[in-house]
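Engineer: Structure in structure tokens, see below.
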Amino acid sequence: MNMGFAAFIRGINVGKGKRVAMADLRRAVAGLGYHGVETLLNSGNVVFRAEASEGEKAGARIEQAMVAELGVSARVLVVSAVELAAVLAANPLAEVANEPPRYLVAFLAPDADREKLEAIARQDWAPEAIALGANVAYLWCAMGIADSQLVEAFNKAVRDAATTRNWATLEKIQARLSAAA
């Protein structure tokens, strides 16, 4: 059965390092046999369709294709359209997170240190906030992302075992996945 997926590529086109042209990225992902490959924005968001069984393998396959074809090594986390819809529907910080650009969702890799994240979640970050889901963390950055002490602590705890997207970007990705369904 063919279904929609979103691939979140960590750390490309941020600053001067790991520059990747979106046309090249689309070509590399399509070369893996995935269909309807589209990129959103210039920050490593790819939507595509594939067999349901491909979901667990897609991240590793895209990582390998990026190294082989683009010469760039980056972590890739893949979620299904159904998983993304559930992440957005859960929205545990809806009462405080009222500006989508300041509201982050971090997709966690299996090797993310859950104990460190739980310790961070127990702290009082007001006016910022954090909530943990099964494979995600929700981070409300009330004063902005660049100056957020919460984001700094979170990044130190997870290192490269997570990639974040703001709420507005995730809504765009979900809309694209829904349109392609």
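Identifiers in this document derive from the order of the structure tokens: chains are assigned A, B, ..., residues are numbered from 1 separately in each chain, and ligands are numbered from 1 in order of occurrence.
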Check region 36-117 of chain A with DSSP on the backbone and list each residue it calls alpha helix (DSSP H), as a PyMOL selection string.
Structural biologist: chain A and resi 55-65+81-90+114-117
Engineer: Can you list, as a PDB file with C-alpha atoms, in the first residue's frame, all residues belonging to region 60-174 of chain A that DSSP tags as strand (DSSP E)?
Structural biologist:
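This is the output file out-v5.pdb:
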```pdb
ATOM      1  CA  VAL A  76      17.289  11.952   8.295  1.00  0.00           C
ATOM      2  CA  LEU A  77      14.177  11.233  10.345  1.00  0.00           C
ATOM      3  CA  VAL A  78      11.104  10.002   8.492  1.00  0.00           C
ATOM      4  CA  VAL A  79       7.513  10.076   9.724  1.00  0.00           C
ATOM      5  CA  SER A  80       4.369   8.909   7.988  1.00  0.00           C
ATOM      6  CA  TYR A 103       6.634  26.761  18.542  1.00  0.00           C
ATOM      7  CA  LEU A 104       8.976  23.888  17.698  1.00  0.00           C
ATOM      8  CA  VAL A 105       8.426  20.183  17.353  1.00  0.00           C
ATOM      9  CA  ALA A 106      11.560  18.083  17.664  1.00  0.00           C
ATOM     10  CA  PHE A 107      11.443  14.671  16.038  1.00  0.00           C
ATOM     11  CA  LEU A 108      13.531  12.302  18.127  1.00  0.00           C
ATOM     12  CA  ALA A 129       7.547  25.309  28.017  1.00  0.00           C
ATOM     13  CA  ILE A 130       8.350  21.763  26.960  1.00  0.00           C
ATOM     14  CA  ALA A 131       6.206  18.655  26.623  1.00  0.00           C
ATOM     15  CA  LEU A 132       7.344  15.186  25.610  1.00  0.00           C
ATOM     16  CA  VAL A 136       8.739  14.028  19.741  1.00  0.00           C
ATOM     17  CA  ALA A 137       9.292  16.977  22.026  1.00  0.00           C
ATOM     18  CA  TYR A 138       7.235  20.156  21.833  1.00  0.00           C
ATOM     19  CA  LEU A 139       9.120  23.356  22.683  1.00  0.00           C
ATOM     20  CA  TRP A 140       7.446  26.737  23.170  1.00  0.00           C
ATOM     21  CA  ALA A 162      16.684  15.160  16.912  1.00  0.00           C
ATOM     22  CA  THR A 163      15.669  17.644  14.276  1.00  0.00           C
ATOM     23  CA  THR A 164      13.245  20.475  14.844  1.00  0.00           C
ATOM     24  CA  ARG A 165      10.660  22.216  12.702  1.00  0.00           C
ATOM     25  CA  ASN A 166       8.403  25.077  13.644  1.00  0.00           C
TER      26      ASN A 166
END
```
Engineer: A:Arg27, A:Lys156, A:Arg75, A:Arg19: which is nearest Ala7 (chain A), counting only C-alpha atoms?
Structural biologist: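 So, comparing all the options, the nearest one is A:Arg75.
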Engineer: Figure out the distance between CA of Trp125 (chain A) and CA of Val96 (chain A), please, to one decimal in Å.
Structural biologist: 12.6 Å
Engineer: Taking into account only C-alpha atoms, which residue in the set A:Leu40, A:Ala68, A:Ala89, A:Ile62 is nearest to Gly133 (chain A)?
Structural biologist: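 Closest candidate: A:Ala89.
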Engineer: Measuring between only C-alpha atoms, which one of A:Val14, A:Ile120, A:Leu170, A:Met66 shows the shortest distance to Glu152 (chain A)?
Structural biologist: A:Ile120
Engineer: With distances taken over only C-alpha atoms, which of A:Ala179, A:Ala65, A:Val20, A:Gln174 is nearest to Ala85 (chain A)?
Structural biologist: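 Closest residue, counting only C-alpha atoms: A:Gln174.
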Engineer: Restricting the calculation to only C-alpha atoms: of A:Glu83, A:Glu51, A:Asp111, A:Glu63, which residue gets closest to Ala6 (chain A)?
Structural biologist: A:Glu83
